[in-house]
file query.tsv (TSV, C-alpha atoms)
chain	number	residue	atom	x	y	z
C	1	MET	CA	-14.82	-31.11	-26.86
C	2	SER	CA	-14.94	-30.76	-23.07
C	3	GLN	CA	-17.39	-28.45	-21.33
C	4	THR	CA	-14.56	-26.09	-20.42
C	5	GLY	CA	-13.49	-25.95	-24.06
C	6	VAL	CA	-17.05	-25.18	-25.16
C	7	VAL	CA	-17.36	-22.32	-22.67
C	8	ALA	CA	-13.92	-20.98	-23.62
C	9	TRP	CA	-14.88	-21.05	-27.30
C	10	LEU	CA	-18.14	-19.22	-26.57
C	11	ALA	CA	-16.21	-16.69	-24.48
C	12	LEU	CA	-13.72	-16.07	-27.30
C	13	ARG	CA	-16.60	-15.67	-29.74
C	14	GLU	CA	-18.28	-13.15	-27.44
C	15	LEU	CA	-15.04	-11.23	-26.96
C	16	TRP	CA	-14.55	-11.15	-30.73
C	17	ILE	CA	-18.09	-10.02	-31.55
C	18	THR	CA	-18.00	-7.21	-28.99
C	19	PHE	CA	-14.48	-6.09	-30.03
C	20	ARG	CA	-13.13	-6.61	-26.50
C	21	LEU	CA	-10.65	-9.15	-27.84
C	22	LEU	CA	-9.35	-6.66	-30.41
C	23	ILE	CA	-9.18	-3.87	-27.83
C	24	LEU	CA	-7.08	-5.97	-25.45
C	25	LEU	CA	-4.73	-7.14	-28.19
C	26	ALA	CA	-4.46	-3.60	-29.54
C	27	LEU	CA	-3.42	-2.28	-26.12
C	28	TYR	CA	-0.62	-4.83	-25.83
C	29	VAL	CA	0.57	-4.51	-29.42
C	30	GLY	CA	0.26	-0.72	-29.22
C	31	ALA	CA	2.58	-0.65	-26.22
C	32	GLY	CA	5.20	-2.56	-28.17
C	33	ALA	CA	4.68	-0.59	-31.37
C	34	ALA	CA	5.06	2.71	-29.51
C	35	VAL	CA	8.53	1.85	-28.23
C	36	ALA	CA	9.53	0.28	-31.55
C	37	LEU	CA	8.56	3.36	-33.55
C	38	LEU	CA	9.88	5.99	-31.12
C	39	PRO	CA	13.64	5.47	-30.67
C	40	ALA	CA	14.93	6.41	-27.21
C	41	PRO	CA	17.67	5.47	-24.75
C	42	LEU	CA	17.41	1.96	-23.35
C	43	SER	CA	16.20	3.08	-19.91
C	44	THR	CA	13.47	5.23	-21.45
C	45	THR	CA	12.44	2.44	-23.82
C	46	LEU	CA	12.08	-0.06	-20.98
C	47	LEU	CA	10.14	2.45	-18.86
C	48	ARG	CA	7.72	3.20	-21.69
C	49	LEU	CA	7.34	-0.52	-22.32
C	50	ALA	CA	6.56	-1.20	-18.65
C	51	ILE	CA	3.98	1.60	-18.51
C	52	GLY	CA	2.25	0.41	-21.68
C	53	VAL	CA	2.15	-3.20	-20.55
C	54	ALA	CA	0.86	-2.19	-17.10
C	55	ALA	CA	-1.98	-0.22	-18.70
C	56	ALA	CA	-2.91	-3.20	-20.88
C	57	MET	CA	-2.85	-5.54	-17.86
C	58	VAL	CA	-5.21	-3.28	-15.90
C	59	ALA	CA	-7.47	-3.03	-18.94
C	60	GLY	CA	-7.49	-6.83	-19.10
C	61	ALA	CA	-8.69	-7.01	-15.50
C	62	ALA	CA	-11.46	-4.51	-16.27
C	63	ILE	CA	-12.51	-6.44	-19.38
C	64	ALA	CA	-12.58	-9.68	-17.38
C	65	GLY	CA	-14.80	-8.13	-14.71
C	66	TRP	CA	-17.13	-6.56	-17.26
C	67	SER	CA	-17.38	-9.72	-19.35
C	68	LEU	CA	-18.28	-12.20	-16.62
C	69	SER	CA	-20.68	-9.77	-14.97
C	70	ARG	CA	-22.39	-9.14	-18.30
C	71	GLU	CA	-22.80	-12.88	-18.82
C	72	ARG	CA	-24.56	-13.01	-15.45
C	73	THR	CA	-26.78	-9.95	-15.92
C	74	LEU	CA	-27.89	-10.98	-19.41
C	75	GLY	CA	-28.75	-14.49	-18.20
C	76	ARG	CA	-26.32	-16.30	-20.48
C	77	ALA	CA	-24.44	-17.81	-17.54
C	78	ALA	CA	-27.74	-19.04	-16.09
C	79	TRP	CA	-28.68	-20.53	-19.48
C	80	LEU	CA	-25.42	-22.51	-19.53
C	81	ALA	CA	-26.02	-23.64	-15.95
C	82	THR	CA	-29.44	-24.99	-16.90
C	83	ARG	CA	-27.70	-27.04	-19.62
C	84	SER	CA	-25.79	-29.00	-16.97
C	85	ILE	CA	-22.63	-26.91	-17.24
C	86	PRO	CA	-21.30	-26.34	-13.70
C	87	ARG	CA	-20.81	-22.77	-12.55
C	88	GLY	CA	-17.16	-23.45	-11.91
C	89	THR	CA	-16.74	-24.56	-15.53
C	90	ILE	CA	-18.22	-21.26	-16.72
C	91	LEU	CA	-15.67	-19.39	-14.61
C	92	VAL	CA	-12.73	-21.52	-15.76
C	93	GLY	CA	-13.82	-21.27	-19.41
C	94	TRP	CA	-13.80	-17.49	-19.28
C	95	PHE	CA	-10.50	-17.53	-17.44
C	96	ALA	CA	-8.96	-19.76	-20.11
C	97	ALA	CA	-10.24	-17.56	-22.95
C	98	LEU	CA	-8.99	-14.33	-21.39
C	99	THR	CA	-5.66	-15.92	-20.48
C	100	LEU	CA	-5.13	-17.08	-24.07
C	101	VAL	CA	-5.78	-13.60	-25.46
C	102	SER	CA	-3.53	-11.97	-22.86
C	103	ILE	CA	-0.65	-14.37	-23.46
C	104	ILE	CA	-0.83	-13.73	-27.21
C	105	GLY	CA	-0.78	-9.98	-26.54
C	106	ILE	CA	2.13	-10.21	-24.10
C	107	ALA	CA	4.11	-12.39	-26.52
C	108	ALA	CA	3.58	-9.80	-29.26
C	109	VAL	CA	4.62	-6.86	-27.08
C	110	GLY	CA	7.60	-8.87	-25.86
C	111	VAL	CA	8.85	-9.41	-29.41
C	112	LEU	CA	8.34	-5.76	-30.33
C	113	GLY	CA	9.96	-4.65	-27.09
C	114	TRP	CA	13.00	-6.82	-27.71
C	115	LEU	CA	13.39	-5.43	-31.23
C	116	ALA	CA	13.27	-1.91	-29.81
C	117	ALA	CA	15.55	-2.57	-26.82
C	118	SER	CA	18.20	-4.80	-28.40
C	119	THR	CA	20.03	-1.97	-30.10
C	120	PRO	CA	23.79	-2.13	-30.77
C	121	GLY	CA	25.61	-1.66	-27.49
C	122	ALA	CA	22.64	-2.63	-25.33
C	123	SER	CA	23.57	-5.08	-22.57
C	124	LEU	CA	20.35	-7.08	-22.41
C	125	ASP	CA	20.30	-10.83	-21.76
C	126	PRO	CA	17.67	-12.41	-24.06
C	127	LEU	CA	16.93	-15.17	-21.52
C	128	ALA	CA	16.42	-12.65	-18.71
C	129	PHE	CA	14.25	-10.51	-20.99
C	130	GLY	CA	12.10	-13.49	-21.98
C	131	LEU	CA	11.69	-14.70	-18.41
C	132	THR	CA	10.76	-11.19	-17.33
C	133	PHE	CA	7.92	-11.20	-19.82
C	134	ALA	CA	6.92	-14.67	-18.62
C	135	ALA	CA	6.69	-13.21	-15.11
C	136	ILE	CA	4.66	-10.30	-16.48
C	137	ALA	CA	2.29	-12.82	-18.10
C	138	CYS	CA	1.82	-14.52	-14.72
C	139	GLY	CA	1.04	-11.15	-13.17
C	140	ALA	CA	-1.48	-10.46	-15.93
C	141	ILE	CA	-3.14	-13.81	-15.21
C	142	GLY	CA	-3.45	-12.79	-11.57
C	143	LEU	CA	-5.19	-9.55	-12.60
C	144	LEU	CA	-7.57	-11.50	-14.84
C	145	ALA	CA	-8.53	-13.65	-11.85
C	146	LEU	CA	-9.08	-10.45	-9.86
C	147	GLY	CA	-11.36	-9.12	-12.58
C	148	LEU	CA	-13.35	-12.35	-12.70
C	149	LEU	CA	-13.79	-12.22	-8.94
C	150	ALA	CA	-15.24	-8.72	-9.28
C	151	GLY	CA	-17.45	-9.97	-12.11
C	152	THR	CA	-19.00	-12.65	-9.90
C	153	LEU	CA	-20.20	-10.02	-7.42
C	154	LEU	CA	-20.93	-6.72	-9.18
C	155	ARG	CA	-22.76	-5.18	-12.10
C	156	PRO	CA	-20.71	-4.81	-15.31
C	157	SER	CA	-19.65	-1.17	-14.96
C	158	ALA	CA	-18.92	-1.52	-11.24
C	159	ALA	CA	-16.99	-4.75	-11.82
C	160	ALA	CA	-14.82	-3.08	-14.47
C	161	VAL	CA	-14.08	-0.05	-12.29
C	162	VAL	CA	-13.37	-2.10	-9.16
C	163	ALA	CA	-11.10	-4.48	-11.08
C	164	ALA	CA	-9.14	-1.62	-12.62
C	165	VAL	CA	-8.77	0.29	-9.34
C	166	ALA	CA	-7.87	-2.86	-7.42
C	167	GLY	CA	-5.32	-3.82	-10.07
C	168	VAL	CA	-3.58	-0.45	-9.85
C	169	SER	CA	-3.74	-0.53	-6.05
C	170	LEU	CA	-2.19	-3.99	-5.86
C	171	ALA	CA	0.64	-2.97	-8.15
C	172	VAL	CA	1.40	0.11	-6.05
C	173	ALA	CA	1.06	-1.82	-2.78
C	174	ALA	CA	3.45	-4.52	-4.00
C	175	TRP	CA	6.15	-1.90	-4.46
C	176	VAL	CA	5.42	0.11	-1.30
C	177	ALA	CA	5.30	-3.01	0.90
C	178	ASP	CA	8.94	-3.88	0.20
C	179	PRO	CA	10.83	-1.66	-2.27
C	180	ARG	CA	13.73	-4.14	-2.24
C	181	VAL	CA	11.60	-6.73	-4.04
C	182	ALA	CA	11.04	-5.84	-7.69
C	183	SER	CA	7.72	-6.69	-9.33
C	184	PRO	CA	7.95	-8.00	-12.92
C	185	LEU	CA	7.23	-4.55	-14.34
C	186	GLU	CA	9.83	-2.94	-12.08
C	187	LEU	CA	12.22	-5.70	-13.06
C	188	LEU	CA	11.72	-4.76	-16.70
C	189	THR	CA	12.79	-1.17	-16.07
C	190	GLN	CA	15.82	-2.26	-14.00
C	191	LEU	CA	16.85	-5.18	-16.21
C	192	PRO	CA	20.26	-3.85	-17.35
C	193	GLN	CA	21.38	-3.04	-13.78
C	194	LEU	CA	20.27	-6.12	-11.83
C	195	PRO	CA	22.97	-8.74	-11.12
C	196	SER	CA	20.57	-11.71	-11.06
C	197	PRO	CA	17.41	-10.83	-13.03
C	198	ILE	CA	16.58	-14.45	-13.83
C	199	SER	CA	16.01	-15.41	-10.18
C	200	VAL	CA	13.93	-12.28	-9.63
C	201	ALA	CA	11.82	-13.12	-12.70
C	202	VAL	CA	11.21	-16.68	-11.49
C	203	GLN	CA	10.16	-15.41	-8.07
C	204	GLY	CA	7.82	-12.88	-9.69
C	205	ALA	CA	6.27	-15.56	-11.88
C	206	GLY	CA	5.65	-17.80	-8.88
C	207	ALA	CA	4.07	-14.97	-6.92
C	208	GLY	CA	1.80	-14.08	-9.85
C	209	LEU	CA	0.60	-17.65	-10.29
C	210	ALA	CA	0.01	-18.03	-6.54
C	211	VAL	CA	-2.11	-14.88	-6.47
C	212	ALA	CA	-4.03	-16.03	-9.55
C	213	ALA	CA	-4.77	-19.42	-7.99
C	214	LEU	CA	-5.96	-17.84	-4.74
C	215	LEU	CA	-8.23	-15.31	-6.46
C	216	LEU	CA	-9.62	-17.90	-8.86
C	217	LEU	CA	-10.38	-20.24	-5.98
C	218	LEU	CA	-12.17	-17.41	-4.17
C	219	ALA	CA	-14.14	-16.58	-7.32
C	220	ARG	CA	-15.04	-20.28	-7.63
C	221	VAL	CA	-16.50	-20.24	-4.12
C	222	VAL	CA	-18.37	-16.98	-4.71
C	223	ILE	CA	-19.93	-17.94	-8.05
C	224	ASP	CA	-21.66	-20.90	-6.41
C	225	ARG	CA	-23.39	-18.52	-3.99
C	226	VAL	CA	-24.59	-15.73	-6.25
C	227	ASP	CA	-27.56	-15.44	-8.56
C	228	LEU	CA	-26.69	-15.95	-12.21
call {"tool": "encode", "arguments": {"input": "query.tsv", "output": "structure tokens"}}
result
Amino acid sequence: MSQTGVVAWLALRELWITFRLLILLALYVGAGAAVALLPAPLSTTLLRLAIGVAAAMVAGAAIAGWSLSRERTLGRAAWLATRSIPRGTILVGWFAALTLVSIIGIAAVGVLGWLAASTPGASLDPLAFGLTFAAIACGAIGLLALGLLAGTLLRPSAAAVVAAVAGVSLAVAAWVADPRVASPLELLTQLPQLPSPISVAVQGAGAGLAVAALLLLLARVVIDRVDL
């Protein structure tokens, strides 16, 4: 097993032991279960789904910040570094573990959301719906990278708060900056009305991955310059 795989496995084990893995999955699945169990018009269902997923994504960023910062403050990251595991590998391992959990959660909420939204008479394109959730997953990955960046710099509680506030601020700023461009979550609420949702979803996915790469690269630079 590669060093990245070892760190990712240890990260998943830590998330499981501390119930953070279950909390994150429960937030995603809960968002889907809420819309599946509470019948409503299509527009209301999609809005509730978007709000629930957004809350879970912000929580994921906070968990990412808390987790990496806690590894640093407890000395576990330093212990791995003394075992010839590069600091960048520690960062990437945690990123991989958190990404895996988030993708599983988003896939689950996507399935539940589709079951709730695909009622008789609903004009939803399954391909557009699936690509929208793929774009949402890319946005969630970007927020995880933001949380890890906060975790490289701050104490656990501060990292969690900063990651959550920054995640909400980025989402609001993305809409305010250009209301004509729909974010993946906005796209979800507007899915039945948009003429070309697939192209918007692909653009949103690309933007999310670009932001994730930039933030992860910045976190990689920072983690080499901080005390573990």
call {"tool": "atom_distance", "arguments": {"input": "query.tsv", "atom1": "CA of Glu71 (chain C)", "atom2": "CA of Val7 (chain C)"}}
result
11.6 Å
call {"tool": "closest_residue", "arguments": {"input": "query.tsv", "among": "C:Ile106, C:Ile17, C:Ser2, C:Ile223", "to": "Gly30 (chain C)", "atoms": "all atoms listed in the file"}}
result
C:Ile106
call {"tool": "closest_residue", "arguments": {"input": "query.tsv", "among": "C:Ala205, C:Val29, C:Ala50, C:Leu21", "to": "Gly139 (chain C)", "atoms": "only C-alpha atoms"}}
result
C:Ala205
call {"tool": "closest_residue", "arguments": {"input": "query.tsv", "among": "C:Pro39, C:Ala96, C:Val101, C:Met57", "to": "Arg20 (chain C)", "atoms": "all atoms listed in the file"}}
result
C:Val101
call {"tool": "residues_around", "arguments": {"input": "query.tsv", "residues": "Leu112 (chain C)", "least_positions_apart": "4", "cutoff": "8 Å", "atoms": "only C-alpha atoms", "output": "compact mmCIF listing (two decimals) with C-alpha atoms, keeping the file's coordinate frame"}}
result
# COMPACT_ATOMS: atom_id res chain seq x y z
CA VAL C 29 0.57 -4.51 -29.42
CA GLY C 32 5.20 -2.56 -28.17
CA ALA C 33 4.68 -0.59 -31.37
CA VAL C 35 8.53 1.85 -28.23
CA ALA C 36 9.53 0.28 -31.55
CA ALA C 108 3.58 -9.80 -29.26
CA ALA C 116 13.27 -1.91 -29.81
call {"tool": "decode", "arguments": {"input": "query.tsv", "residues": "region 27-56 of chain C", "atoms": "N, CA and C atoms", "output": "tab-separated table (two decimals), in the first residue's frame"}}
result
chain	number	residue	atom	x	y	z
C	27	LEU	N	-25.67	13.76	7.69
C	27	LEU	CA	-26.14	15.05	7.19
C	27	LEU	C	-26.57	14.94	5.73
C	28	TYR	N	-25.76	14.26	4.93
C	28	TYR	CA	-26.12	14.09	3.52
C	28	TYR	C	-27.37	13.21	3.37
C	29	VAL	N	-27.36	12.06	4.01
C	29	VAL	CA	-28.49	11.14	3.88
C	29	VAL	C	-29.75	11.77	4.48
C	30	GLY	N	-29.58	12.52	5.58
C	30	GLY	CA	-30.73	13.18	6.18
C	30	GLY	C	-31.37	14.19	5.26
C	31	ALA	N	-30.55	14.90	4.49
C	31	ALA	CA	-31.09	15.86	3.52
C	31	ALA	C	-31.94	15.16	2.48
C	32	GLY	N	-31.48	14.00	2.00
C	32	GLY	CA	-32.26	13.25	1.03
C	32	GLY	C	-33.49	12.62	1.64
C	33	ALA	N	-33.34	12.09	2.86
C	33	ALA	CA	-34.48	11.44	3.52
C	33	ALA	C	-35.58	12.44	3.83
C	34	ALA	N	-35.20	13.68	4.17
C	34	ALA	CA	-36.19	14.70	4.50
C	34	ALA	C	-37.10	15.00	3.32
C	35	VAL	N	-36.51	15.14	2.14
C	35	VAL	CA	-37.34	15.44	0.96
C	35	VAL	C	-38.10	14.19	0.50
C	36	ALA	N	-37.54	13.01	0.74
C	36	ALA	CA	-38.22	11.78	0.33
C	36	ALA	C	-39.43	11.49	1.20
C	37	LEU	N	-39.36	11.87	2.49
C	37	LEU	CA	-40.43	11.55	3.42
C	37	LEU	C	-41.46	12.66	3.56
C	38	LEU	N	-41.15	13.85	3.03
C	38	LEU	CA	-42.07	14.98	3.13
C	38	LEU	C	-42.48	15.41	1.73
C	39	PRO	N	-43.53	14.84	1.18
C	39	PRO	CA	-43.95	15.18	-0.19
C	39	PRO	C	-44.26	16.67	-0.32
C	40	ALA	N	-43.86	17.25	-1.45
C	40	ALA	CA	-44.06	18.67	-1.71
C	40	ALA	C	-43.99	18.89	-3.20
C	41	PRO	N	-44.41	20.07	-3.67
C	41	PRO	CA	-44.24	20.38	-5.09
C	41	PRO	C	-42.78	20.30	-5.50
C	42	LEU	N	-42.56	20.09	-6.80
C	42	LEU	CA	-41.20	19.87	-7.29
C	42	LEU	C	-40.26	21.01	-6.92
C	43	SER	N	-40.70	22.25	-7.09
C	43	SER	CA	-39.83	23.39	-6.79
C	43	SER	C	-39.45	23.42	-5.32
C	44	THR	N	-40.40	23.10	-4.44
C	44	THR	CA	-40.11	23.07	-3.01
C	44	THR	C	-39.17	21.92	-2.66
C	45	THR	N	-39.39	20.77	-3.30
C	45	THR	CA	-38.52	19.62	-3.06
C	45	THR	C	-37.08	19.93	-3.44
C	46	LEU	N	-36.88	20.53	-4.61
C	46	LEU	CA	-35.52	20.85	-5.05
C	46	LEU	C	-34.88	21.90	-4.16
C	47	LEU	N	-35.68	22.87	-3.69
C	47	LEU	CA	-35.13	23.90	-2.80
C	47	LEU	C	-34.70	23.29	-1.48
C	48	ARG	N	-35.54	22.44	-0.91
C	48	ARG	CA	-35.18	21.77	0.35
C	48	ARG	C	-33.93	20.92	0.16
C	49	LEU	N	-33.86	20.23	-0.97
C	49	LEU	CA	-32.71	19.38	-1.25
C	49	LEU	C	-31.43	20.22	-1.34
C	50	ALA	N	-31.51	21.36	-2.02
C	50	ALA	CA	-30.34	22.22	-2.16
C	50	ALA	C	-29.89	22.76	-0.81
C	51	ILE	N	-30.84	23.17	0.03
C	51	ILE	CA	-30.49	23.70	1.35
C	51	ILE	C	-29.84	22.62	2.21
C	52	GLY	N	-30.40	21.41	2.19
C	52	GLY	CA	-29.83	20.32	2.98
C	52	GLY	C	-28.44	19.95	2.53
C	53	VAL	N	-28.24	19.87	1.22
C	53	VAL	CA	-26.92	19.52	0.69
C	53	VAL	C	-25.92	20.63	1.00
C	54	ALA	N	-26.33	21.89	0.89
C	54	ALA	CA	-25.43	23.00	1.19
C	54	ALA	C	-24.98	22.95	2.65
C	55	ALA	N	-25.91	22.64	3.56
C	55	ALA	CA	-25.55	22.54	4.98
C	55	ALA	C	-24.54	21.42	5.21
C	56	ALA	N	-24.75	20.28	4.53
C	56	ALA	CA	-23.82	19.16	4.68
C	56	ALA	C	-22.45	19.50	4.11
